[in-house]
>>> print(open('work.cif').read())   # mmCIF, C-alpha atoms
data_start
loop_
_atom_site.label_atom_id
_atom_site.label_comp_id
_atom_site.auth_asym_id
_atom_site.auth_seq_id
_atom_site.Cartn_x
_atom_site.Cartn_y
_atom_site.Cartn_z
CA MET A 262 118.49 100.77 111.80
CA ASP A 263 119.80 104.34 111.63
CA PHE A 264 117.14 107.04 111.38
CA ASP A 265 119.62 109.87 110.90
CA ASP A 266 121.23 111.09 107.70
CA SER A 267 124.87 110.28 107.24
CA PRO A 268 127.08 113.38 106.85
CA ALA A 269 127.00 112.89 103.06
CA GLU A 270 123.21 112.51 103.05
CA ALA A 271 122.77 115.58 105.26
CA ALA A 272 124.89 117.67 102.88
CA PHE A 273 122.96 116.27 99.91
CA ARG A 274 119.63 117.09 101.60
CA ALA A 275 120.72 120.66 102.30
CA GLU A 276 121.76 121.14 98.67
CA VAL A 277 118.46 119.72 97.40
CA ARG A 278 116.41 121.86 99.77
CA THR A 279 118.26 125.03 98.79
CA TRP A 280 117.56 124.42 95.11
CA LEU A 281 113.90 123.56 95.72
CA ASP A 282 113.41 126.66 97.88
CA GLU A 283 114.63 128.72 94.93
CA ASN A 284 112.63 126.90 92.25
CA ALA A 285 109.34 125.70 93.77
CA GLU A 286 106.65 126.57 96.28
CA PRO A 287 106.15 124.50 99.45
CA ARG A 288 103.25 122.10 99.33
CA VAL A 289 100.24 122.84 101.47
CA GLU A 290 97.54 120.43 102.52
CA ALA A 291 95.05 121.81 99.97
CA ASP A 292 97.38 120.80 97.12
CA VAL A 293 97.54 117.15 98.11
CA ARG A 294 96.12 114.43 95.85
CA LEU A 295 94.62 112.03 98.37
CA SER A 296 95.02 109.03 96.08
CA PRO A 297 97.52 108.07 93.36
CA MET A 298 94.43 107.43 91.22
CA ALA A 299 93.06 110.94 91.81
CA SER A 300 92.46 113.22 88.87
CA PHE A 301 95.28 115.32 87.49
CA GLY A 302 92.67 117.70 86.11
CA ASP A 303 93.18 118.52 82.44
CA GLN A 304 95.53 115.76 81.31
CA ALA A 305 97.18 117.69 78.48
CA GLU A 306 97.90 120.64 80.77
CA ALA A 307 99.19 118.37 83.53
CA ILE A 308 101.57 116.56 81.17
CA ALA A 309 102.80 119.83 79.67
CA ALA A 310 103.53 121.18 83.16
CA ALA A 311 105.28 117.92 84.10
CA ARG A 312 107.48 118.18 81.00
CA VAL A 313 108.54 121.72 81.91
CA TRP A 314 109.35 120.72 85.49
CA GLN A 315 111.22 117.60 84.37
CA ALA A 316 113.34 119.69 82.00
CA ARG A 317 114.24 122.04 84.87
CA LEU A 318 115.20 119.08 87.05
CA ALA A 319 117.35 117.67 84.26
CA GLU A 320 119.08 120.97 83.60
CA ALA A 321 120.07 121.15 87.29
CA ARG A 322 120.79 117.39 87.33
CA TRP A 323 118.20 116.73 90.05
CA THR A 324 116.61 113.77 88.27
CA GLY A 325 117.91 110.25 87.93
CA VAL A 326 120.52 111.26 90.48
CA HIS A 327 121.43 107.62 91.17
CA TRP A 328 122.19 107.05 87.50
CA PRO A 329 125.88 107.07 86.49
CA ALA A 330 127.21 110.48 85.50
CA GLU A 331 127.92 109.29 81.96
CA HIS A 332 124.19 108.68 81.51
CA GLY A 333 123.10 112.06 82.85
CA GLY A 334 122.87 111.29 86.57
CA ARG A 335 125.05 112.30 89.48
CA GLY A 336 126.28 108.87 90.51
CA ALA A 337 124.51 109.43 93.83
CA SER A 338 123.71 106.57 96.18
CA LEU A 339 120.23 105.05 96.31
CA ALA A 340 119.89 106.49 99.82
CA GLU A 341 120.55 109.97 98.40
CA ALA A 342 117.95 109.32 95.70
CA LEU A 343 115.46 108.63 98.51
CA VAL A 344 116.48 111.88 100.19
CA LEU A 345 115.67 113.71 96.96
CA ALA A 346 112.25 112.02 96.76
CA GLU A 347 111.49 112.93 100.38
CA GLU A 348 112.36 116.57 99.80
CA ILE A 349 110.48 116.93 96.52
CA ARG A 350 107.31 115.66 98.23
CA ARG A 351 107.38 118.78 100.40
CA TYR A 352 106.88 121.05 97.36
CA ASP A 353 103.96 121.71 95.05
CA VAL A 354 105.44 120.49 91.78
CA PRO A 355 104.05 118.50 88.83
CA GLY A 356 104.74 114.81 88.90
CA GLY A 357 103.61 111.33 88.14
CA VAL A 358 104.19 110.73 84.46
CA PHE A 359 107.97 110.23 84.47
CA GLY A 360 108.28 108.07 87.59
CA ILE A 361 108.14 104.71 85.81
CA GLY A 362 110.78 105.77 83.32
CA ILE A 363 113.20 107.37 85.79
CA ALA A 364 112.92 104.82 88.61
CA MET A 365 112.44 101.56 86.73
CA ILE A 366 113.03 101.62 82.99
CA GLY A 367 116.06 103.91 82.84
CA PRO A 368 118.08 101.80 85.31
CA THR A 369 117.07 98.67 83.37
CA LEU A 370 118.40 100.14 80.13
CA ILE A 371 121.59 101.15 81.94
CA ALA A 372 122.02 97.57 83.18
CA HIS A 373 121.01 95.66 80.03
CA GLY A 374 120.69 98.07 77.11
CA THR A 375 123.16 98.46 74.27
CA PRO A 376 125.27 101.63 74.03
CA GLU A 377 123.06 102.68 71.11
CA GLN A 378 119.88 102.21 73.15
CA GLN A 379 121.33 104.12 76.08
CA ALA A 380 122.41 107.01 73.84
CA ARG A 381 119.01 107.15 72.12
CA TYR A 382 116.61 106.85 75.06
CA LEU A 383 118.15 107.93 78.37
CA GLY A 384 118.71 111.61 77.61
CA PRO A 385 115.19 112.31 76.27
CA LEU A 386 113.74 110.45 79.26
CA LEU A 387 115.66 112.55 81.78
CA ARG A 388 114.77 115.79 79.98
CA GLY A 389 111.05 115.00 79.92
CA GLU A 390 110.88 114.72 76.16
CA GLU A 391 109.59 111.12 76.10
CA ILE A 392 107.34 109.26 78.53
CA TRP A 393 107.63 105.52 79.11
CA CYS A 394 105.38 102.74 80.38
CA GLN A 395 105.79 99.05 81.24
CA LEU A 396 104.17 96.47 78.95
CA TRP A 397 104.02 93.70 81.52
CA SER A 398 100.67 92.29 82.67
CA GLU A 399 98.31 90.34 80.42
CA PRO A 400 94.79 88.94 80.89
CA ASP A 401 96.29 85.58 81.94
CA ALA A 402 99.61 86.85 83.26
CA GLY A 403 99.30 89.19 86.19
CA SER A 404 100.48 87.69 89.44
CA ASP A 405 102.06 84.87 87.41
CA LEU A 406 103.82 87.20 84.99
CA ALA A 407 105.86 84.45 83.32
CA ASN A 408 102.60 82.98 82.00
CA LEU A 409 102.50 85.72 79.35
CA ARG A 410 101.32 84.74 75.87
CA SER A 411 102.01 87.83 73.76
CA ARG A 412 104.62 86.73 71.26
CA ALA A 413 107.47 88.19 69.25
CA VAL A 414 108.54 86.34 66.10
CA ARG A 415 111.77 87.16 64.26
CA ASP A 416 111.33 88.21 60.62
CA GLY A 417 114.63 89.31 59.12
CA ASP A 418 115.85 92.43 60.88
CA GLU A 419 112.51 92.91 62.65
CA PHE A 420 110.33 91.25 65.28
CA VAL A 421 106.58 90.92 64.72
CA LEU A 422 104.49 91.42 67.87
CA ASP A 423 101.06 89.91 68.49
CA GLY A 424 99.03 89.75 71.67
CA GLN A 425 97.56 91.91 74.40
CA LYS A 426 98.78 93.72 77.51
CA VAL A 427 96.49 95.08 80.21
CA TRP A 428 96.60 97.37 83.27
CA THR A 429 99.34 99.37 81.55
CA SER A 430 99.69 102.64 83.47
CA GLY A 431 100.10 105.70 81.28
CA ALA A 432 100.22 103.94 77.91
CA HIS A 433 97.74 106.45 76.46
CA TYR A 434 100.25 109.29 76.85
CA ALA A 435 103.53 107.33 76.68
CA ARG A 436 105.85 107.38 73.67
CA PHE A 437 107.63 104.09 74.37
CA GLY A 438 107.07 100.96 76.39
CA LEU A 439 109.44 98.36 77.77
CA GLY A 440 107.72 95.05 77.08
CA ILE A 441 108.27 91.35 77.54
CA PHE A 442 107.10 88.85 74.94
CA ARG A 443 107.25 85.11 74.33
CA THR A 444 110.01 84.30 71.81
CA ASP A 445 110.43 80.55 72.40
CA PRO A 446 107.38 78.50 73.43
CA ASP A 447 109.33 75.23 73.44
CA VAL A 448 111.20 75.86 76.70
CA PRO A 449 109.91 76.40 80.27
CA LYS A 450 107.95 79.59 80.67
CA HIS A 451 110.64 81.65 82.40
CA LYS A 452 113.25 80.81 79.75
CA GLY A 453 111.51 81.72 76.48
CA ILE A 454 110.85 85.41 77.15
CA SER A 455 112.58 88.42 75.56
CA CYS A 456 112.45 92.12 76.39
CA PHE A 457 111.99 94.90 73.82
CA VAL A 458 111.66 98.64 73.47
CA VAL A 459 108.28 99.16 71.79
CA ASP A 460 107.31 102.28 69.85
CA LEU A 461 103.70 102.82 70.87
CA ALA A 462 103.07 104.88 67.73
CA ALA A 463 104.02 101.96 65.46
CA PRO A 464 101.39 100.57 63.06
CA GLY A 465 99.60 97.62 64.60
CA VAL A 466 99.67 99.00 68.16
CA THR A 467 96.26 99.95 69.56
CA ILE A 468 95.79 101.53 72.99
CA ARG A 469 92.43 101.49 74.74
CA PRO A 470 92.09 103.35 78.06
CA LEU A 471 90.22 101.55 80.85
CA ARG A 472 87.69 103.73 82.63
CA GLN A 473 87.87 103.45 86.43
CA ILE A 474 85.15 103.70 89.03
CA ASN A 475 86.12 107.34 89.71
CA GLY A 476 85.77 108.27 86.03
CA GLU A 477 89.50 108.56 85.37
CA ALA A 478 91.53 106.37 83.01
CA HIS A 479 95.04 105.70 84.29
CA PHE A 480 95.25 102.14 82.97
CA ASN A 481 95.06 100.76 79.45
CA GLU A 482 94.74 97.70 77.31
CA VAL A 483 97.41 97.58 74.59
CA TYR A 484 96.86 95.36 71.53
CA PHE A 485 99.54 94.20 69.10
CA ASP A 486 98.35 93.11 65.68
CA SER A 487 101.43 92.17 63.62
CA ALA A 488 103.21 95.27 64.93
CA ARG A 489 106.79 95.42 63.68
CA ILE A 490 109.76 96.68 65.66
CA PRO A 491 113.48 96.67 64.72
CA ALA A 492 115.50 93.73 65.98
CA ALA A 493 117.82 96.36 67.44
CA ASN A 494 115.09 97.07 70.01
CA LEU A 495 115.90 93.82 71.83
CA VAL A 496 117.06 94.63 75.38
CA GLY A 497 119.48 92.06 76.75
CA GLU A 498 119.94 88.66 75.15
CA LEU A 499 117.31 86.82 73.12
CA HIS A 500 115.18 84.53 75.35
CA ASP A 501 116.76 86.12 78.47
CA GLY A 502 114.01 88.65 79.08
CA TRP A 503 113.08 87.26 82.48
CA ARG A 504 116.44 88.39 83.83
CA VAL A 505 115.83 91.86 82.39
CA ALA A 506 112.32 91.90 83.86
CA ARG A 507 113.67 90.97 87.30
CA THR A 508 115.97 93.99 87.14
CA THR A 509 112.95 96.18 86.47
CA LEU A 510 111.02 94.55 89.32
CA MET A 511 113.94 95.16 91.71
CA ASN A 512 113.95 98.80 90.65
CA GLU A 513 110.22 98.88 91.33
CA ARG A 514 110.95 97.65 94.85
CA PHE A 515 113.37 100.55 95.26
CA ALA A 516 110.65 102.91 94.04
CA ALA A 517 108.49 101.64 96.91
CA GLY A 518 110.92 103.40 99.22
CA THR A 519 110.03 106.72 97.62
CA MET A 520 106.34 106.40 98.50
CA ASP A 521 104.71 108.98 100.71
CA SER A 522 103.49 107.77 104.09
CA SER A 523 100.28 109.83 103.82
CA GLY A 524 101.25 112.52 106.32
CA PHE A 525 99.63 115.23 104.20
CA ALA A 526 96.50 113.10 103.77
CA PHE A 527 96.20 112.70 107.55
CA ALA A 528 96.53 116.48 107.94
CA ALA A 529 93.68 116.86 105.45
CA LEU A 530 91.60 114.44 107.51
CA ALA A 531 92.26 116.36 110.73
CA ARG A 532 91.28 119.61 108.98
CA LEU A 533 88.09 117.94 107.77
CA ALA A 534 87.20 116.94 111.34
CA ARG A 535 87.63 120.52 112.50
CA ALA A 536 85.62 121.93 109.58
CA ALA A 537 82.79 119.49 110.31
CA GLU A 538 82.97 120.44 114.01
CA ARG A 539 83.54 116.81 114.90
CA ASP A 540 87.02 117.17 116.34
CA ALA A 541 85.58 117.02 119.88
CA ASP A 542 83.61 113.83 119.20
CA PRO A 543 85.29 111.01 121.22
CA VAL A 544 84.61 108.47 118.47
CA VAL A 545 86.19 110.70 115.83
CA ARG A 546 89.13 111.52 118.08
CA GLN A 547 89.73 107.82 118.74
CA ALA A 548 89.65 107.11 115.00
CA LEU A 549 92.08 109.96 114.33
CA ALA A 550 94.41 108.76 117.09
CA ARG A 551 94.39 105.24 115.66
CA LEU A 552 95.14 106.47 112.14
CA HIS A 553 97.88 108.74 113.43
CA SER A 554 99.48 105.79 115.23
CA ILE A 555 99.25 103.61 112.13
CA GLY A 556 100.77 106.44 110.11
CA ARG A 557 103.72 106.72 112.47
CA VAL A 558 104.33 102.97 112.31
CA THR A 559 104.21 103.22 108.52
CA ASP A 560 106.73 106.06 108.66
CA LEU A 561 109.03 103.80 110.66
CA THR A 562 108.58 101.02 108.10
CA ASN A 563 109.50 103.53 105.41
CA ALA A 564 112.62 104.35 107.43
CA ARG A 565 113.49 100.65 107.53
CA VAL A 566 113.27 100.49 103.74
CA ARG A 567 115.50 103.52 103.44
CA SER A 568 117.99 101.98 105.88
CA ALA A 569 117.99 98.72 103.89
CA ILE A 570 118.64 100.65 100.69
CA ALA A 571 121.47 102.61 102.31
CA ASN A 572 123.11 99.41 103.57
CA ASP A 573 122.35 96.86 100.87
CA GLY A 574 121.40 98.82 97.75
CA ILE A 575 117.98 97.28 97.08
CA PRO A 576 115.47 96.45 99.84
CA GLY A 577 114.21 92.92 100.27
CA ALA A 578 110.88 92.06 101.81
CA GLU A 579 110.83 95.47 103.57
CA GLY A 580 109.51 96.94 100.32
CA SER A 581 106.61 94.47 100.32
CA ILE A 582 105.81 95.24 103.96
CA LEU A 583 105.83 98.97 103.21
CA LYS A 584 103.57 98.61 100.18
CA LEU A 585 101.01 96.66 102.22
CA ALA A 586 101.16 99.21 105.01
CA LEU A 587 100.75 102.18 102.67
CA ALA A 588 97.81 100.58 100.86
CA ASP A 589 96.03 99.79 104.13
CA LEU A 590 96.73 103.24 105.54
CA GLY A 591 95.57 105.02 102.39
CA THR A 592 92.35 103.03 102.36
CA ALA A 593 91.69 103.65 106.06
CA VAL A 594 92.28 107.41 105.77
CA ALA A 595 90.04 107.69 102.70
CA ASP A 596 87.25 105.66 104.32
CA ALA A 597 87.47 107.80 107.47
CA GLY A 598 87.08 110.96 105.40
CA VAL A 599 84.00 109.63 103.63
CA ALA A 600 82.48 108.50 106.94
CA MET A 601 83.12 111.88 108.54
CA LEU A 602 81.26 113.67 105.74
CA GLY A 603 78.28 111.33 105.94
CA PRO A 604 76.15 110.94 102.79
CA GLY A 605 77.91 113.94 101.24
CA GLY A 606 81.14 111.99 101.33
CA LEU A 607 79.90 109.87 98.44
CA LEU A 608 79.48 112.85 96.11
CA THR A 609 81.99 113.82 93.44
CA GLY A 610 82.75 116.98 91.52
CA ALA A 611 83.58 120.57 92.36
CA GLY A 612 80.23 121.16 94.10
CA ALA A 613 80.60 118.20 96.47
CA PRO A 614 81.91 118.58 100.04
CA ASP A 615 85.66 119.25 99.91
CA ALA A 616 85.36 119.18 96.10
CA GLY A 617 84.69 115.44 96.17
CA ARG A 618 88.26 114.60 97.12
CA TRP A 619 87.33 112.01 99.72
CA SER A 620 84.94 110.11 97.49
CA GLU A 621 87.59 110.06 94.78
CA ALA A 622 90.20 108.89 97.29
CA ALA A 623 87.99 106.07 98.55
CA MET A 624 87.23 104.84 95.04
CA GLY A 625 90.88 105.07 94.01
CA ALA A 626 92.13 103.27 97.11
CA PHE A 627 91.35 99.86 95.62
CA ALA A 628 94.09 100.36 93.04
CA MET A 629 96.74 100.67 95.76
CA HIS A 630 96.08 97.04 96.68
CA ILE A 631 96.64 95.86 93.08
CA GLY A 632 99.19 98.02 91.26
CA GLY A 633 102.86 97.15 91.63
CA GLY A 634 102.04 93.63 92.83
CA THR A 635 98.82 92.64 94.56
CA ASP A 636 98.48 92.33 98.32
CA ALA A 637 98.51 88.54 97.91
CA ILE A 638 101.81 88.65 96.02
CA GLN A 639 103.36 90.90 98.67
CA ARG A 640 102.24 88.49 101.40
CA ASN A 641 103.77 85.58 99.49
CA ILE A 642 107.08 87.45 99.35
CA ILE A 643 106.93 88.19 103.08
CA GLY A 644 105.95 84.60 103.90
CA GLU A 645 108.81 83.10 101.89
CA ARG A 646 111.58 85.61 102.60
CA VAL A 647 110.78 86.70 106.16
CA LEU A 648 108.89 83.80 107.72
CA GLY A 649 110.75 81.09 105.81
CA LEU A 650 107.59 79.42 104.57
CA PRO A 651 107.91 77.05 101.59
CA ARG A 652 107.22 78.32 98.10
CA GLU A 653 103.81 77.63 96.67
CA PRO A 654 103.92 74.33 94.76
CA SER A 655 104.31 74.65 91.00
CA THR A 656 103.84 72.02 88.33
CA ASP A 657 104.66 74.17 85.30
CA ARG A 658 108.14 75.55 85.98
CA ASN A 659 110.12 72.88 84.13
CA VAL A 660 107.87 71.91 81.23
CA PRO A 661 107.73 73.51 77.76
CA PHE A 662 105.40 76.49 77.72
CA ARG A 663 103.69 75.19 74.58
CA THR A 664 102.34 72.20 76.54
CA LEU A 665 100.63 74.32 79.20
CA PRO A 666 96.85 74.72 78.96
CA SER A 667 95.74 78.07 77.63
#
>>> encode(input="work.cif", output="C-alpha cells")
Amino acid sequence: MDFDDSPAEAAFRAEVRTWLDENAEPRVEADVRLSPMASFGDQAEAIAAARVWQARLAEARWTGVHWPAEHGGRGASLAEALVLAEEIRRYDVPGGVFGIGIAMIGPTLIAHGTPEQQARYLGPLLRGEEIWCQLWSEPDAGSDLANLRSRAVRDGDEFVLDGQKVWTSGAHYARFGLGIFRTDPDVPKHKGISCFVVDLAAPGVTIRPLRQINGEAHFNEVYFDSARIPAANLVGELHDGWRVARTTLMNERFAAGTMDSSGFAFAALARLARAAERDADPVVRQALARLHSIGRVTDLTNARVRSAIANDGIPGAEGSILKLALADLGTAVADAGVAMLGPGGLLTGAGAPDAGRWSEAAMGAFAMHIGGGTDAIQRNIIGERVLGLPREPSTDRNVPFRTLPS
C-alpha cells in the first residue's frame, strides 16, 4: 500500500488546492456537521447555496472529474477523484445534495444509458440544475434488494409504475430518481428487474418525508399509483436491471472512499473537553486517546481504500471495512461528546450546550449503521470475500419470483 501521491496525483492535488484557495474559505472546526444526518438549517437556502457552488464547480470542471471528457468530466482517474474529495473537505462549502447523482447515478448512466439519456441528464446534473435520488429499498426489500415488489408494466410506449419505495434519501427535493422495478415475475428474482429514470413530478408519484428522531427528514417513502413514464426512460436492457443496479452499487462502494474519517469531529471533541475543563481528567484523557487511536486506524483504512482504487479501479471488501469503521467511530465520538456534557448533552436547539450539536450527532449516528448497506450486510461481504466463508444459504434464487411468499 502506497500512502504517497503519485507525481500525477500530486500535481492534480496542487491544482485543486490552488483553485479552492481562490474560490472558498478553509473549514474550521465550528463549521463541521458532526453527523451526516445533522440539520442543514433552512433547507431551501441550503439547496440554493449548493446549486450555486455546484455550478461554479462545473464551470471550472471540478465536478465529476472521473467522468469522460465528452460527458463533462476531465477523464481523471478514480484516485484523482478521491484527491479532489479530500481537498474539498478542507473547505467550508455547501454540499450533500448532489453526491448521489455525481458519484453513483451519473456513472451508471454513462455505463448503461442511451446517448439520448446521457445528453439529457448528465449536463444538468453536473451543473447543479437537477438533483437525483435512488429508488432502491422497499418495505420488504432492503438487505435483500432483489426481493423488490414494485412493478413496471409496459403499456404501448409507456411503462406504468405501481408500488412503494422507502428510505429514499433526498426524494423530497430531488427532480429525478433512478429506480428498479419488477418487469417479469415469472423468472427468478434477480432476472426480472428493470431500471428506469423516474420523473418524481409525474402524476401518480407521492413523496412522504420520514421524520427522524432528531426532528429532521432526510429519508422518504415514495408511492407509485399507476404513474406513467416513457418507455425511453428504460436504462439498459429490459429485465436486465440487476446488472445496472450492481453498477450503481459498485459506484457507491467507490463513494465510500470519499468519506471523511472524522478528524474535524475529533477536534471538536477535544475542544469540548477543554471548554468543560475536563481535559485534565484522566478518564477523559484516556477516552480521547482511545478515540484518537481509532481515528488514526480508520484513516489508514481509508488510505487502503484509496490505494485499492488507484490500483484496481473499484475497491472490494475494503469499502465495507471502511464503512463499518466510520460508523463505529462516528457513534463513539458522538457518544463521548454527550457524556462529556452530562445531562446537558441530551438537549437540542440553539440554547443547548454547544448549540445541541452533540445530541443531534448521537441521534443521527444510528443512520450511519444502516444507510448504504447495513452493518450486517457489510459483515457478510467481509466474511465471504475476505475470510472465505460460504455464502448464506438461499432457497429462492432459482425459482420464479411469482411463487415466492409475499
>>> atom_distance(input="work.cif", atom1="CA of Ala380 (chain A)", atom2="CA of Trp328 (chain A)")
13.7 Å
>>> resolve_selection(input="work.cif", expression="the PyMOL selection byres ((chain A and resi 363-373) around 10)", output="VMD selection string")
chain A and resid 324 to 329 332 342 358 to 362 374 to 376 378 to 379 382 to 384 386 to 387 389 392 to 395 438 to 439 456 458 495 to 498 502 504 to 517 519
>>> residues_around(input="work.cif", residues="region 594-607 of chain A", least_positions_apart="4", cutoff="9 Å", atoms="all atoms listed in the file", output="PyMOL selection string")
chain A and resi 295-296+523+526-527+529-530+533-534+537+539+545+548-549+552+589-590+613-615+617-624+626
>>> closest_residue(input="work.cif", among="A:His433, A:Arg646, A:Arg652, A:Arg350", to="His479 (chain A)", atoms="only C-alpha atoms")
A:His433
>>> closest_residue(input="work.cif", among="A:Ala432, A:Ala307, A:Val354, A:Ala321", to="Ala462 (chain A)", atoms="only C-alpha atoms")
A:Ala432
>>> atom_distance(input="work.cif", atom1="CA of Ala593 (chain A)", atom2="CA of Glu645 (chain A)")
27.1 Å
>>> atom_distance(input="work.cif", atom1="CA of Val277 (chain A)", atom2="CA of Gly357 (chain A)")
19.4 Å
>>> residues_around(input="work.cif", residues="Asp657 (chain A)", least_positions_apart="4", cutoff="9 Å", atoms="all atoms listed in the file", output="PyMOL selection string")
chain A and resi 449-450+661-662+665
>>> write_last_selection(input="work.cif", atoms="C-alpha atoms", output="mmCIF file, in the coordinates of the input")
data_model
loop_
_atom_site.group_PDB
_atom_site.id
_atom_site.type_symbol
_atom_site.label_atom_id
_atom_site.label_comp_id
_atom_site.auth_asym_id
_atom_site.auth_seq_id
_atom_site.Cartn_x
_atom_site.Cartn_y
_atom_site.Cartn_z
ATOM 1 C CA PRO A 449 109.910 76.400 80.270
ATOM 2 C CA LYS A 450 107.950 79.590 80.670
ATOM 3 C CA PRO A 661 107.730 73.510 77.760
ATOM 4 C CA PHE A 662 105.400 76.490 77.720
ATOM 5 C CA LEU A 665 100.630 74.320 79.200
#
>>> closest_residue(input="work.cif", among="A:Ser430, A:Thr592, A:Asn572, A:Ser411", to="Gly633 (chain A)", atoms="only C-alpha atoms")
A:Ser430
>>> resolve_selection(input="work.cif", expression="the PyMOL selection byres ((chain A and resi 422) around 6)", output="list in words")
Arg412, Ala413, Val421, Asp423, Phe485, Ser487 and Ala488 of chain A
>>> resolve_selection(input="work.cif", expression="the PyMOL selection byres ((chain A and resi 401) around 12)", output="number ranges by chain")
A: 397-400, 402-411, 424-428, 666-667
>>> residues_near_point(input="work.cif", point="(94.2, 102.1, 75.1)", cutoff="8 Å", atoms="all atoms listed in the file", output="JSON, numbers by chain")
{"A": [432, 433, 467, 468, 469, 470, 471, 480, 481, 482, 483]}
>>> closest_residue(input="work.cif", among="A:Tyr434, A:Val566, A:Asp445, A:Arg388", to="Phe264 (chain A)", atoms="all atoms listed in the file")
A:Val566
>>> closest_residue(input="work.cif", among="A:Gly336, A:Pro464, A:Pro491, A:Gly476", to="Phe420 (chain A)", atoms="all atoms listed in the file")
A:Pro491
>>> closest_residue(input="work.cif", among="A:Ala319, A:Ala346, A:Leu499, A:Leu339", to="Lys452 (chain A)", atoms="all atoms listed in the file")
A:Leu499
>>> decode(input="work.cif", residues="region 327-364 of chain A", atoms="C-alpha atoms", output="PDB file, in the first residue's frame")
ATOM      1  CA  HIS A 327     -13.593  10.951 -13.282  1.00  0.00           C
ATOM      2  CA  TRP A 328     -16.319  11.143 -15.917  1.00  0.00           C
ATOM      3  CA  PRO A 329     -15.177  11.040 -19.562  1.00  0.00           C
ATOM      4  CA  ALA A 330     -14.463  14.441 -21.087  1.00  0.00           C
ATOM      5  CA  GLU A 331     -17.252  14.002 -23.636  1.00  0.00           C
ATOM      6  CA  HIS A 332     -19.738  13.866 -20.757  1.00  0.00           C
ATOM      7  CA  GLY A 333     -18.419  16.951 -18.979  1.00  0.00           C
ATOM      8  CA  GLY A 334     -15.705  15.399 -16.819  1.00  0.00           C
ATOM      9  CA  ARG A 335     -11.937  15.528 -17.052  1.00  0.00           C
ATOM     10  CA  GLY A 336     -11.270  11.852 -17.673  1.00  0.00           C
ATOM     11  CA  ALA A 337      -9.371  11.827 -14.377  1.00  0.00           C
ATOM     12  CA  SER A 338      -8.562   8.609 -12.551  1.00  0.00           C
ATOM     13  CA  LEU A 339     -10.662   7.436  -9.618  1.00  0.00           C
ATOM     14  CA  ALA A 340      -7.647   8.084  -7.384  1.00  0.00           C
ATOM     15  CA  GLU A 341      -7.620  11.706  -8.559  1.00  0.00           C
ATOM     16  CA  ALA A 342     -11.350  11.931  -7.843  1.00  0.00           C
ATOM     17  CA  LEU A 343     -10.550  10.870  -4.272  1.00  0.00           C
ATOM     18  CA  VAL A 344      -7.866  13.554  -4.087  1.00  0.00           C
ATOM     19  CA  LEU A 345     -10.495  16.122  -5.071  1.00  0.00           C
ATOM     20  CA  ALA A 346     -12.874  14.851  -2.368  1.00  0.00           C
ATOM     21  CA  GLU A 347     -10.105  15.006   0.252  1.00  0.00           C
ATOM     22  CA  GLU A 348      -9.251  18.587  -0.646  1.00  0.00           C
ATOM     23  CA  ILE A 349     -12.835  19.840  -0.804  1.00  0.00           C
ATOM     24  CA  ARG A 350     -13.424  18.533   2.734  1.00  0.00           C
ATOM     25  CA  ARG A 351     -10.879  21.072   3.962  1.00  0.00           C
ATOM     26  CA  TYR A 352     -13.072  23.991   2.841  1.00  0.00           C
ATOM     27  CA  ASP A 353     -16.344  25.425   4.092  1.00  0.00           C
ATOM     28  CA  VAL A 354     -18.518  24.825   1.036  1.00  0.00           C
ATOM     29  CA  PRO A 355     -22.124  23.689   0.542  1.00  0.00           C
ATOM     30  CA  GLY A 356     -22.578  20.023  -0.147  1.00  0.00           C
ATOM     31  CA  GLY A 357     -24.625  16.924   0.251  1.00  0.00           C
ATOM     32  CA  VAL A 358     -27.458  17.103  -2.238  1.00  0.00           C
ATOM     33  CA  PHE A 359     -25.558  16.259  -5.436  1.00  0.00           C
ATOM     34  CA  GLY A 360     -23.379  13.439  -4.109  1.00  0.00           C
ATOM     35  CA  ILE A 361     -25.700  10.584  -5.086  1.00  0.00           C
ATOM     36  CA  GLY A 362     -26.068  11.916  -8.604  1.00  0.00           C
ATOM     37  CA  ILE A 363     -22.400  12.687  -9.245  1.00  0.00           C
ATOM     38  CA  ALA A 364     -20.855   9.616  -7.601  1.00  0.00           C
TER      39      ALA A 364
END
